[in-house]
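Notes follow once the structure below has been shown.
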Amino acid sequence: MSHVEVRDLTVVLETRTVLSGVDFQVRGGDWLAVIGANGAGKSTLLRALAGVLPCSGEVLIDGRPARRLRPRDRARLLAYAPQAPALPVDMTVFDYALLGRTPYISYLGRESRRDREVTASVLDRLDLASFASRALGHLSGGERQRVVLARALVQQAPVLLLDEPTTALDLGHQQQVLELLDRLRLADGLTVVTTLHDLSLAGQYADSMMLVAGGRVAASGAPAEVLTEKLIGEHFDARVRVGTGAGGRPEVHLERP
Ligand SMILES: Nc1ncnc2c1ncn2[C@@H]1O[C@H](COP(=O)(O)OP(=O)(O)OP(=O)(O)O)[C@@H](O)[C@H]1O
């Protein structure tokens with residue numbers, strides 16, 4: 001299990017400070033849901049954690065500064081699924097997902113039977129086995145989103161960073177993906193950080209939540225501490241009613257003004 005600690009994370013893009021002084025920790029095997037209004041800085045946070053954006057501050061994985069890791073070692077620890085990456089349209093689903101094995105394949109080497117087995121098994125768990133030889137350009141939005149997630153899972157890293165992993169998915173596939181992540185977390189001790197716009201879903205699955213507003217942490221804690229009518233009203237400019245669902249977890253309902 002890998003513990004993630006972030007200290008004073010700051011990201012400046014062009015001349016704008018998009019994230020400022022962000023501190024948080026995720027215990028190994030826990031699920032943190034990052035929420036916030038459009039433009040709050042959620043994707044930027046995940047990209048900075050994934051090491052694809054320059055940032056200041058510190059990202060520590062099990063106490064080791066991520067910036068000092070070689071890209072290959074970092075990729076074995078952290079897998080990142082962006083929201084809507086540009087995909088090579090002619091590449092097959094299988095070959096794209098297999099790219100997740102890159103950190104395990106030696107330079108100029110070829111993938112092993114195990115690499116192909118891991119890839120096939122993840123595609124199967126995401127209902128993508130029958131798409132394996134299909135070109136990425138010939139997929140629906142939800143199928144593409146599952147393929148991006150598949151590539152991240154194929155990486156078998158102990159920390160998963162997922163940017164809005166369910167936005168394009170139908171209800172059944174949302175449930176399938178979130179349940180799969182939860183099972184992997186419980187069985188393999190994966191540490192999961194997701195951004196999620198669906199606040200009720202976030203509240204159902206996350207151990208802890210962090211509300212980001214204007215590039216800063218506005219609130220963090222257990223789902224019931226973050227999903228309050230007051231905080232949601234203030235930071236999303238939305239009128240909601242927060243009820244209590246299964247297991248005492250908060251459920252957020254939009255109310256007509
Ligand atoms: N290259 C850039 N240069 C300057 N500002 C940028 C750049 N990229 C993103 N931003 C700004 O940074 C802010 C945070 O963007 P980010 O994508 O992290 O938001 P988000 O919380 O993920 O939003 P959403 O919910 O809409 O996906 C936004 O105001 C965005 O316009």
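Following the order of the structure tokens, chains are lettered A, B, ..., residues in each are numbered from 1, and ligands are numbered from 1.
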* To do: Within region 20-241 of chain A, find each residue whose DSSP state, derived from the backbone, is strand (DSSP E or B), and express the selection as JSON, numbers by chain.
  => {"A": [20, 21, 22, 23, 24, 25, 26, 31, 32, 33, 34, 35, 56, 57, 58, 59, 60, 61, 64, 65, 78, 79, 80, 81, 92, 135, 159, 160, 161, 162, 163, 191, 192, 193, 194, 195, 208, 209, 210, 211, 212, 213, 216, 217, 218, 219, 220, 221, 240, 241]}
* Could you give me, as number ranges by chain, every polymer residue with an atom at most 9 Å away from an atom of ligand 1, counting only C-alpha atoms and all ligand atoms? => A: 12-19, 35-47, 83, 163-164, 195-197, 212-215
* Near region 103-120 of chain A, counting only C-alpha atoms, which residues have an atom at most 7 Å away, once you skip same-chain residues fewer than 2 positions from it, shown as a ChimeraX atom specification? -> /A:72,75-76,97-98,101,122-124,129,154
* To do: Check region 154-232 of chain A with DSSP on the backbone and list each residue it calls helix (DSSP H, G or I), as an MDAnalysis selection string.
  => chainID A and resid 154 171:188 199:205 223:226 229:232
* Surrounding residues of Leu128 (chain A) excluding itself and chain neighbours under 6 positions, 8 Å, only C-alpha atoms, as a ChimeraX atom specification -> /A:143,146-147
* To do: Might you pull out every residue within 10 Å of Arg64 (chain A), with only C-alpha atoms counted and same-chain residues fewer than 5 positions away left off, and present them as a PyMOL selection string?
  => chain A and resi 3-5+58-59+69
For the selection just defined, write its residues with N, CA and C atoms to a file, as a JSON list (two decimals), in the first residue's frame.
[["chain", "number", "residue", "atom", "x", "y", "z"],
["A", 3, "HIS", "N", 1.33, 5.33, 0.51],
["A", 3, "HIS", "CA", 0.82, 6.53, 1.16],
["A", 3, "HIS", "C", 1.23, 7.74, 0.31],
["A", 4, "VAL", "N", 0.28, 8.62, 0.07],
["A", 4, "VAL", "CA", 0.59, 9.81, -0.74],
["A", 4, "VAL", "C", 0.51, 11.04, 0.17],
["A", 5, "GLU", "N", 1.54, 11.86, 0.09],
["A", 5, "GLU", "CA", 1.51, 13.10, 0.87],
["A", 5, "GLU", "C", 1.89, 14.26, -0.05],
["A", 58, "GLU", "N", 5.96, 19.63, -2.75],
["A", 58, "GLU", "CA", 6.46, 18.26, -2.70],
["A", 58, "GLU", "C", 5.35, 17.24, -2.82],
["A", 59, "VAL", "N", 5.59, 16.21, -3.64],
["A", 59, "VAL", "CA", 4.69, 15.05, -3.71],
["A", 59, "VAL", "C", 5.51, 13.87, -3.20],
["A", 69, "LEU", "N", 12.19, 10.47, -8.62],
["A", 69, "LEU", "CA", 12.09, 9.14, -9.22],
["A", 69, "LEU", "C", 12.32, 9.22, -10.73]]
* To do: Choose the residue, out of A:Leu186, A:Leu9, A:Ala135, A:Val26, that has the smallest atom-to-atom separation from Met91 (chain A); count only C-alpha atoms.
  => A:Ala135
* To do: Between A:Ile61, A:Leu169, A:Val22, A:Val148, single out the one closest to Pro85 (chain A), counting only C-alpha atoms.
  =>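 The answer is A:Val148, which sits nearest to Pro85 (chain A).
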